[in-house]
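Peer 1: Submitted below is the structure of interest, expressed as structure tokens.
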Amino acid sequence: MTATYSPDPSRYETMPYRRCGKSGLRLPAVSLGFWHNFGHADNAENARAMVRRAFDLGIVHFDLANNYGPPPGSAEENFGRILRQDLSAHRDELIVSSKAGYTMWPGPYGDFGSRKYLVASLDQSLKRMGLDYVDIFYSHRPDPETPMEETMGALDSIVRSGRALYAGISSYNPEQTRRAARLLRELGTPCLIHQPSYSLLNRRVEEGLLDTLDELGIGGIAFCPLAQGILTDKYLAGIPENSRAATPHGFLKPAQITDDKLAKVRALKTIAEQRGQSIAQLAIAWVLRRDTIASALFGASRVEHVEDIAAVQGHLSWTPEELAAVEAAVA
Ligand SMILES: NC(=O)c1ccc[n+]([C@@H]2O[C@H](COP(=O)([O-])OP(=O)(O)OC[C@H]3O[C@@H](n4cnc5c(N)ncnc54)[C@H](OP(=O)(O)O)[C@@H]3O)[C@@H](O)[C@H]2O)c1
């Protein structure tokens with residue numbers, strides 16, 4: 001890979017940028033997540049190539065968390081290095097997010113939702129990435145024991161201190177989302193964004209969360225829109241060697257790839273072919289069919305994945321007949 005990188009001058013010509021709730025921020029229709037394939041355990045040059053290609057294709061939002069790796073923290077370190085090498089002149093064109101909420105360090109202060117944890121964790125994340133601020137900082141999951149006033153108060157002070165521009169929440173249910181949004185509003189820092197799991201194989205958010213987000217003016221960003229790779233053609237003929245399900249530290253386990261899910265993917269394949277799309281593109285276009293979801297937050301293990309997913313911008317629309325066919329395929 002060449003040491004010097006000049007981004008493609010046409011990078012803003014095709015990617016749609018969609019408004020995130022009732023905010024001033026627009027996000028690329030697809031955003032790249034660093035959960036897998038960006039840790040010290042992975043190939044650094046491949047990670048760098050994926051980031052460069054993403055930026056060239058208008059994917060300006062990179063999503064991280066304190067614990068992404070392995071080892072935890074290493075995805076942020078690697079992202080920081082890529083930023084310095086290739087994108088330092090483009091910081092103001094990027095939306096970088098991080099999170100705290102899952103186990104990060106031993107003892108009582110390295111997990112869940114206390115002010116102590118969130119503030120210290122973000123300071124560590126900024127150091128690892130070499131940044132003065134992140135664009136979005138998330139409470140990664142609700143904490144059943146810490147008063148929500150404390151968690152939201154921590155997000156508010158983080159934003160006021162300039163360490164983050166916007167506050168977000170992830171995996172909060174509709175009731176928790178309402179409370180978090182009210183607390184943040186009272187403090188004067190609106191909740192910008194909610195990051196839930198959403199795909200054709202996991203539609204829980206349709207049971208109230210999406211309507212809640214619309215009502216509150218909060219934008220959605222759907223994580224795992226490909227169900228960790230199941231919603232592609234990858235597993236239709238067994239588990240390939242270079243796949244997440246075959247990787248010891250991958251979060252997708254072979255037992256999760258059931259015949260029932262594969263039958264649905266096969267039925268979706270027919271619809272994807274009729275639409276002239278890959279199965280992955282169909283799955284991404286489907287989570288974006290409702291404006292509530294500003295962006296689909298995908299993962300990738302190679303440059304071709306980034307290219308395939310970015311190309312979804314060419315075909316995001318749906319006919320009622322196609323949507324009905326998709327419903328039948330996953331019923
Ligand atoms: N807030 C939370 O609690 C939370 C939880 C999970 C994830 N996230 C966020 O969501 C992001 C995405 O999660 P995810 O990686 O599980 O998402 P995903 O998009 O559902 O799955 C990504 C995997 O699908 C495969 N893939 C991607 N594009 C493909 C293509 N065009 N053709 C064939 N296969 C393709 C790759 O699998 P192989 O690696 O097998 O090649 C890739 O690693 C994470 O990086 C993270 O930022 C957030």
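In the structure tokens, the first chain shown is A, the next is B, and so on; residue numbers restart at 1 for each chain, and ligands run from 1 in the order shown.
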Do a neighbour search on Leu25 of chain A at 9 Å with only C-alpha atoms, toss out local chain neighbours closer than 6 positions, and write the hits as a PDB file with C-alpha atoms, in the first residue's frame.

Peer 2:
```pdb
ATOM      1  CA  ARG A  18     -29.429  11.070   5.791  1.00  0.00           C
ATOM      2  CA  ARG A  19     -30.619  13.281   8.633  1.00  0.00           C
ATOM      3  CA  LEU A 192     -28.861  12.553  19.150  1.00  0.00           C
TER       4      LEU A 192
END
```

Peer 1: Please identify the residues whose atoms come within 6 Å of ligand 1, using only C-alpha atoms and all ligand atoms, and report them as a VMD selection string.

Peer 2: chain A and resid 33 to 36 63 to 64 140 170 195 223 to 229 232 234 243 to 244 280 297 to 301 305 308 to 309

Peer 1: Tell me which protein, DNA and RNA residues are within 8 Å of Phe62 of chain A, counting only C-alpha atoms, leaving out same-chain ones fewer than 2 positions away, and put them as a PDB file with N, CA and C atoms, in the first residue's frame.

Peer 2:
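The new file around33.pdb reads:
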```pdb
ATOM      1  N   SER A  31     -22.372   3.127   7.453  1.00  0.00           N
ATOM      2  CA  SER A  31     -21.246   3.523   8.304  1.00  0.00           C
ATOM      3  C   SER A  31     -20.456   2.274   8.649  1.00  0.00           C
ATOM      4  N   LEU A  32     -19.145   2.446   8.855  1.00  0.00           N
ATOM      5  CA  LEU A  32     -18.268   1.286   9.073  1.00  0.00           C
ATOM      6  C   LEU A  32     -17.964   1.106  10.565  1.00  0.00           C
ATOM      7  N   GLY A  33     -18.214  -0.120  11.045  1.00  0.00           N
ATOM      8  CA  GLY A  33     -17.978  -0.432  12.454  1.00  0.00           C
ATOM      9  C   GLY A  33     -16.677  -1.195  12.657  1.00  0.00           C
ATOM     10  N   PHE A  34     -16.072  -1.004  13.818  1.00  0.00           N
ATOM     11  CA  PHE A  34     -14.740  -1.551  14.128  1.00  0.00           C
ATOM     12  C   PHE A  34     -14.764  -2.685  15.148  1.00  0.00           C
ATOM     13  N   ILE A  59     -17.981   7.057   2.871  1.00  0.00           N
ATOM     14  CA  ILE A  59     -18.338   6.532   4.197  1.00  0.00           C
ATOM     15  C   ILE A  59     -17.486   7.291   5.210  1.00  0.00           C
ATOM     16  N   VAL A  60     -18.092   8.297   5.818  1.00  0.00           N
ATOM     17  CA  VAL A  60     -17.329   9.214   6.674  1.00  0.00           C
ATOM     18  C   VAL A  60     -17.583   8.965   8.157  1.00  0.00           C
ATOM     19  N   LEU A  64     -16.603   3.144  16.837  1.00  0.00           N
ATOM     20  CA  LEU A  64     -15.727   2.352  17.705  1.00  0.00           C
ATOM     21  C   LEU A  64     -16.348   2.206  19.085  1.00  0.00           C
ATOM     22  N   LEU A  94     -15.101  13.865   9.216  1.00  0.00           N
ATOM     23  CA  LEU A  94     -15.387  12.546   9.802  1.00  0.00           C
ATOM     24  C   LEU A  94     -16.327  12.633  10.997  1.00  0.00           C
ATOM     25  N   ILE A  95     -17.128  11.586  11.161  1.00  0.00           N
ATOM     26  CA  ILE A  95     -17.884  11.384  12.395  1.00  0.00           C
ATOM     27  C   ILE A  95     -17.311  10.130  13.061  1.00  0.00           C
ATOM     28  N   VAL A  96     -16.639  10.341  14.192  1.00  0.00           N
ATOM     29  CA  VAL A  96     -16.018   9.244  14.937  1.00  0.00           C
ATOM     30  C   VAL A  96     -16.819   9.045  16.220  1.00  0.00           C
ATOM     31  N   SER A  97     -17.230   7.816  16.466  1.00  0.00           N
ATOM     32  CA  SER A  97     -17.964   7.568  17.713  1.00  0.00           C
ATOM     33  C   SER A  97     -17.227   6.543  18.564  1.00  0.00           C
TER      34      SER A  97
END
```

Peer 1: Rank A:Val205, A:Ser295, A:Leu262, A:Leu83 by their smallest atom-to-atom distance to Gly219 of chain A, using only C-alpha atoms, and report the top residue only.

Peer 2: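 Of A:Val205, A:Ser295, A:Leu262, A:Leu83, the one nearest Gly219 of chain A is A:Ser295, counting only C-alpha atoms.
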
Peer 1: Would you list, as a ChimeraX atom specification, the residues of segment 56-227 of chain A that end up in strand (DSSP E or B) under DSSP run on this structure's backbone?

Peer 2: /A:61-63,95-100,134-139,164-170,191-195,197,199,202,219-223

Peer 1: Using backbone DSSP assignments, extract all alpha helix (DSSP H) residues from segment 27-107 of chain A; output them as JSON, numbers by chain.

Peer 2: {"A": [44, 45, 46, 47, 48, 49, 50, 51, 52, 53, 54, 55, 56, 74, 75, 76, 77, 78, 79, 80, 81, 82]}

Peer 1: Using only C-alpha atoms, which of A:Gln281, A:Gln274, A:Asn37, A:Asn43 sits nearest Leu231 of chain A?

Peer 2: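 Going through A:Gln281, A:Gln274, A:Asn37, A:Asn43 one by one, the smallest distance to Leu231 of chain A is for A:Gln281.
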
Peer 1: Might you pull out every residue within 8 Å of Leu213 of chain A, with only C-alpha atoms counted and same-chain residues fewer than 6 positions away left off, and present them as number ranges by chain?

Peer 2: A: 21, 194, 219-220, 292

Peer 1: I'd like the contact shell of Pro248 of chain A - 12 Å cut-off, only C-alpha atoms, skipping same-chain residues fewer than 5 positions apart - returned as a PyMOL selection string.

Peer 2: chain A and resi 36+41+70+241-243+253-254

Peer 1: Please dump the current selection as a PDB file, in the first residue's frame; keep C-alpha atoms.

Peer 2:
```
ATOM      1  CA  HIS A  36     -14.282  -7.114  14.332  1.00  0.00           C
ATOM      2  CA  ALA A  41      -5.173  -9.739  16.357  1.00  0.00           C
ATOM      3  CA  PRO A  70      -9.064  -8.046  20.524  1.00  0.00           C
ATOM      4  CA  GLU A 241     -12.409 -20.806   6.593  1.00  0.00           C
ATOM      5  CA  ASN A 242     -11.925 -17.054   6.447  1.00  0.00           C
ATOM      6  CA  SER A 243     -15.301 -16.163   7.965  1.00  0.00           C
ATOM      7  CA  LYS A 253     -20.713 -19.056  16.611  1.00  0.00           C
ATOM      8  CA  PRO A 254     -21.466 -21.879  14.142  1.00  0.00           C
TER       9      PRO A 254
END
```

Peer 1: Considering only C-alpha atoms, return as a ChimeraX atom specification whatever protein or nucleic-acid residues lie within 12 Å of segment 115-124 of chain A, sequence-local ones (same chain, fewer than 6 positions apart) excluded.

Peer 2: /A:64-67,72-74,76-77,97-109,130-141,143,146-159,161-164,167

Peer 1: Please produce an output containing N, CA and C atoms for each residue in the selection, written as a short mmCIF file (atom, residue, chain, number, x, y, z; two decimals), in the first residue's frame.

Peer 2:
```
data_model
loop_
_atom_site.label_atom_id
_atom_site.label_comp_id
_atom_site.auth_asym_id
_atom_site.auth_seq_id
_atom_site.Cartn_x
_atom_site.Cartn_y
_atom_site.Cartn_z
N LEU A 64 -16.60 3.14 16.84
CA LEU A 64 -15.73 2.35 17.71
C LEU A 64 -16.35 2.21 19.08
N ALA A 65 -15.65 1.46 19.95
CA ALA A 65 -16.01 1.38 21.37
C ALA A 65 -14.73 1.07 22.12
N ASN A 66 -14.73 1.40 23.40
CA ASN A 66 -13.53 1.16 24.21
C ASN A 66 -13.05 -0.29 24.10
N ASN A 67 -14.00 -1.24 24.05
CA ASN A 67 -13.61 -2.66 24.18
C ASN A 67 -13.36 -3.36 22.84
N PRO A 72 -9.05 -5.73 23.92
CA PRO A 72 -9.87 -4.53 24.09
C PRO A 72 -9.00 -3.27 24.01
N GLY A 73 -9.50 -2.28 23.29
CA GLY A 73 -8.75 -1.02 23.15
C GLY A 73 -7.93 -0.98 21.88
N SER A 74 -7.62 -2.15 21.30
CA SER A 74 -6.70 -2.13 20.17
C SER A 74 -7.34 -1.60 18.89
N GLU A 76 -9.29 0.96 18.75
CA GLU A 76 -9.11 2.42 18.85
C GLU A 76 -7.66 2.80 18.58
N GLU A 77 -6.72 2.02 19.09
CA GLU A 77 -5.30 2.33 18.82
C GLU A 77 -5.02 2.27 17.33
N SER A 97 -17.23 7.82 16.47
CA SER A 97 -17.96 7.57 17.71
C SER A 97 -17.23 6.54 18.56
N SER A 98 -17.43 6.64 19.87
CA SER A 98 -16.98 5.58 20.77
C SER A 98 -18.03 5.40 21.87
N LYS A 99 -17.78 4.38 22.70
CA LYS A 99 -18.79 4.00 23.69
C LYS A 99 -18.12 3.45 24.93
N ALA A 100 -18.85 3.45 26.04
CA ALA A 100 -18.44 2.70 27.22
C ALA A 100 -19.70 2.11 27.84
N GLY A 101 -19.58 0.92 28.39
CA GLY A 101 -20.75 0.28 29.00
C GLY A 101 -20.51 -1.19 29.28
N TYR A 102 -19.62 -1.82 28.48
CA TYR A 102 -19.28 -3.23 28.74
C TYR A 102 -17.93 -3.29 29.45
N THR A 103 -17.59 -4.47 29.96
CA THR A 103 -16.39 -4.63 30.79
C THR A 103 -15.13 -4.15 30.05
N MET A 104 -14.38 -3.28 30.70
CA MET A 104 -13.17 -2.76 30.06
C MET A 104 -11.93 -2.95 30.94
N TRP A 105 -12.04 -2.71 32.24
CA TRP A 105 -10.90 -2.98 33.11
C TRP A 105 -11.39 -3.56 34.43
N PRO A 106 -10.48 -4.24 35.16
CA PRO A 106 -10.91 -4.94 36.38
C PRO A 106 -11.30 -3.97 37.50
N GLY A 107 -12.04 -4.50 38.44
CA GLY A 107 -12.48 -3.68 39.57
C GLY A 107 -13.85 -3.10 39.32
N PRO A 108 -14.38 -2.36 40.30
CA PRO A 108 -15.77 -1.89 40.21
C PRO A 108 -15.99 -0.71 39.27
N TYR A 109 -14.91 -0.12 38.69
CA TYR A 109 -15.09 1.14 37.93
C TYR A 109 -14.91 0.97 36.43
N GLY A 130 -5.77 9.31 19.79
CA GLY A 130 -5.03 10.56 19.53
C GLY A 130 -5.95 11.70 19.14
N LEU A 131 -7.15 11.72 19.71
CA LEU A 131 -8.14 12.75 19.38
C LEU A 131 -8.39 13.66 20.58
N ASP A 132 -8.83 14.89 20.30
CA ASP A 132 -9.25 15.80 21.38
C ASP A 132 -10.71 15.56 21.74
N TYR A 133 -11.48 15.05 20.77
CA TYR A 133 -12.91 14.84 21.01
C TYR A 133 -13.41 13.74 20.08
N VAL A 134 -14.48 13.07 20.48
CA VAL A 134 -15.21 12.21 19.54
C VAL A 134 -16.46 12.98 19.11
N ASP A 135 -17.03 12.59 17.99
CA ASP A 135 -18.25 13.27 17.55
C ASP A 135 -19.46 12.78 18.33
N ILE A 136 -19.51 11.47 18.56
CA ILE A 136 -20.63 10.89 19.31
C ILE A 136 -20.07 10.01 20.41
N PHE A 137 -20.56 10.18 21.64
CA PHE A 137 -20.20 9.25 22.71
C PHE A 137 -21.46 8.59 23.25
N TYR A 138 -21.40 7.26 23.35
CA TYR A 138 -22.57 6.47 23.72
C TYR A 138 -22.45 5.86 25.11
N SER A 139 -23.57 5.77 25.80
CA SER A 139 -23.73 4.79 26.86
C SER A 139 -24.05 3.48 26.13
N HIS A 140 -23.12 2.50 26.22
CA HIS A 140 -23.15 1.31 25.37
C HIS A 140 -24.30 0.37 25.73
N ARG A 141 -24.74 0.43 26.99
CA ARG A 141 -25.91 -0.39 27.39
C ARG A 141 -26.49 0.20 28.67
N ASP A 143 -27.71 0.40 32.45
CA ASP A 143 -27.16 -0.17 33.68
C ASP A 143 -28.32 -0.33 34.67
N THR A 146 -27.09 1.56 38.31
CA THR A 146 -26.75 2.99 38.43
C THR A 146 -28.00 3.83 38.11
N PRO A 147 -28.30 4.84 38.92
CA PRO A 147 -29.45 5.71 38.56
C PRO A 147 -29.23 6.30 37.18
N MET A 148 -30.27 6.30 36.35
CA MET A 148 -30.09 6.82 34.99
C MET A 148 -29.71 8.30 35.01
N GLU A 149 -30.12 9.00 36.09
CA GLU A 149 -29.73 10.41 36.23
C GLU A 149 -28.20 10.54 36.18
N GLU A 150 -27.51 9.58 36.81
CA GLU A 150 -26.04 9.66 36.85
C GLU A 150 -25.43 9.39 35.47
N THR A 151 -25.93 8.35 34.77
CA THR A 151 -25.37 8.03 33.45
C THR A 151 -25.62 9.18 32.48
N MET A 152 -26.84 9.71 32.48
CA MET A 152 -27.14 10.80 31.54
C MET A 152 -26.41 12.08 31.96
N GLY A 153 -26.27 12.26 33.27
CA GLY A 153 -25.50 13.42 33.76
C GLY A 153 -24.06 13.35 33.28
N ALA A 154 -23.50 12.13 33.25
CA ALA A 154 -22.12 11.97 32.77
C ALA A 154 -22.04 12.31 31.28
N LEU A 155 -23.03 11.83 30.48
CA LEU A 155 -23.02 12.16 29.04
C LEU A 155 -23.12 13.67 28.86
N ASP A 156 -23.99 14.31 29.65
CA ASP A 156 -24.15 15.76 29.54
C ASP A 156 -22.83 16.47 29.87
N SER A 157 -22.15 16.06 30.96
CA SER A 157 -20.91 16.79 31.28
C SER A 157 -19.81 16.52 30.25
N ILE A 158 -19.82 15.31 29.69
CA ILE A 158 -18.83 14.99 28.65
C ILE A 158 -19.02 15.91 27.44
N VAL A 159 -20.28 16.10 27.05
CA VAL A 159 -20.56 16.99 25.91
C VAL A 159 -20.19 18.44 26.28
N SER A 161 -18.01 19.44 28.32
CA SER A 161 -16.55 19.61 28.45
C SER A 161 -15.87 19.65 27.09
N GLY A 162 -16.63 19.36 26.01
CA GLY A 162 -16.04 19.38 24.67
C GLY A 162 -15.40 18.07 24.27
N ARG A 163 -15.48 17.04 25.14
CA ARG A 163 -14.86 15.75 24.76
C ARG A 163 -15.71 14.97 23.77
N ALA A 164 -16.99 15.34 23.65
CA ALA A 164 -17.87 14.75 22.63
C ALA A 164 -18.79 15.85 22.14
N ALA A 167 -24.43 13.18 22.24
CA ALA A 167 -24.62 12.04 23.13
C ALA A 167 -25.52 11.01 22.48
#
```

Peer 1: Just checking: using only C-alpha atoms, which residue out of A:Leu268, A:Leu57, A:Ala245, A:Asp291 ends up closest to Leu323 of chain A?

Peer 2: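 The closest residue to Leu323 of chain A is A:Leu268.
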
Peer 1: Select, from A:Ile293, A:Ile193, A:Ala272, A:Met129, the residue with the minimum atom-to-atom distance to Ala75 of chain A, counting only C-alpha atoms.

Peer 2: A:Met129

Peer 1: Out of A:Arg48, A:Arg11, A:Arg84, A:Arg128, which residue has the shortest atom-to-atom distance to Tyr68 of chain A when counting only C-alpha atoms?

Peer 2: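 Nearest to Tyr68 of chain A: A:Arg128.
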
Peer 1: Find, counting only C-alpha atoms, the residue in A:Arg91, A:Pro196, A:Tyr12, A:Gly69 that gets nearest to Phe251 of chain A.

Peer 2: A:Gly69

Peer 1: Quick one: pull the distance between atom CA of Pro320 of chain A and atom CA of Gln277 of chain A, Å, one decimal.

Peer 2: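 About the pair atom CA of Pro320 of chain A and atom CA of Gln277 of chain A: they are 17.3 Å apart.
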
Peer 1: Identify, on the basis of only C-alpha atoms, every residue whose closest approach to Gly58 of chain A does not exceed 9 Å; exclude the query and any residue fewer than 5 positions from it along the same chain; express the result as an mmCIF file with C-alpha atoms, in the first residue's frame.

Peer 2:
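For reference, out_5.cif as written:
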```cif
data_model
loop_
_atom_site.group_PDB
_atom_site.id
_atom_site.type_symbol
_atom_site.label_atom_id
_atom_site.label_comp_id
_atom_site.auth_asym_id
_atom_site.auth_seq_id
_atom_site.Cartn_x
_atom_site.Cartn_y
_atom_site.Cartn_z
ATOM 1 C CA SER A 10 -15.354 12.374 -6.224
ATOM 2 C CA ARG A 11 -16.014 10.827 -2.793
ATOM 3 C CA TYR A 12 -19.100 12.948 -2.054
ATOM 4 C CA GLU A 13 -20.847 12.414 -5.374
ATOM 5 C CA THR A 14 -22.907 9.279 -4.776
ATOM 6 C CA MET A 15 -23.298 8.395 -1.081
ATOM 7 C CA PRO A 16 -26.590 9.714 0.361
ATOM 8 C CA PRO A 28 -23.801 8.397 5.407
ATOM 9 C CA ARG A 53 -11.609 2.653 0.591
ATOM 10 C CA ALA A 310 -21.258 1.272 -0.436
#
```
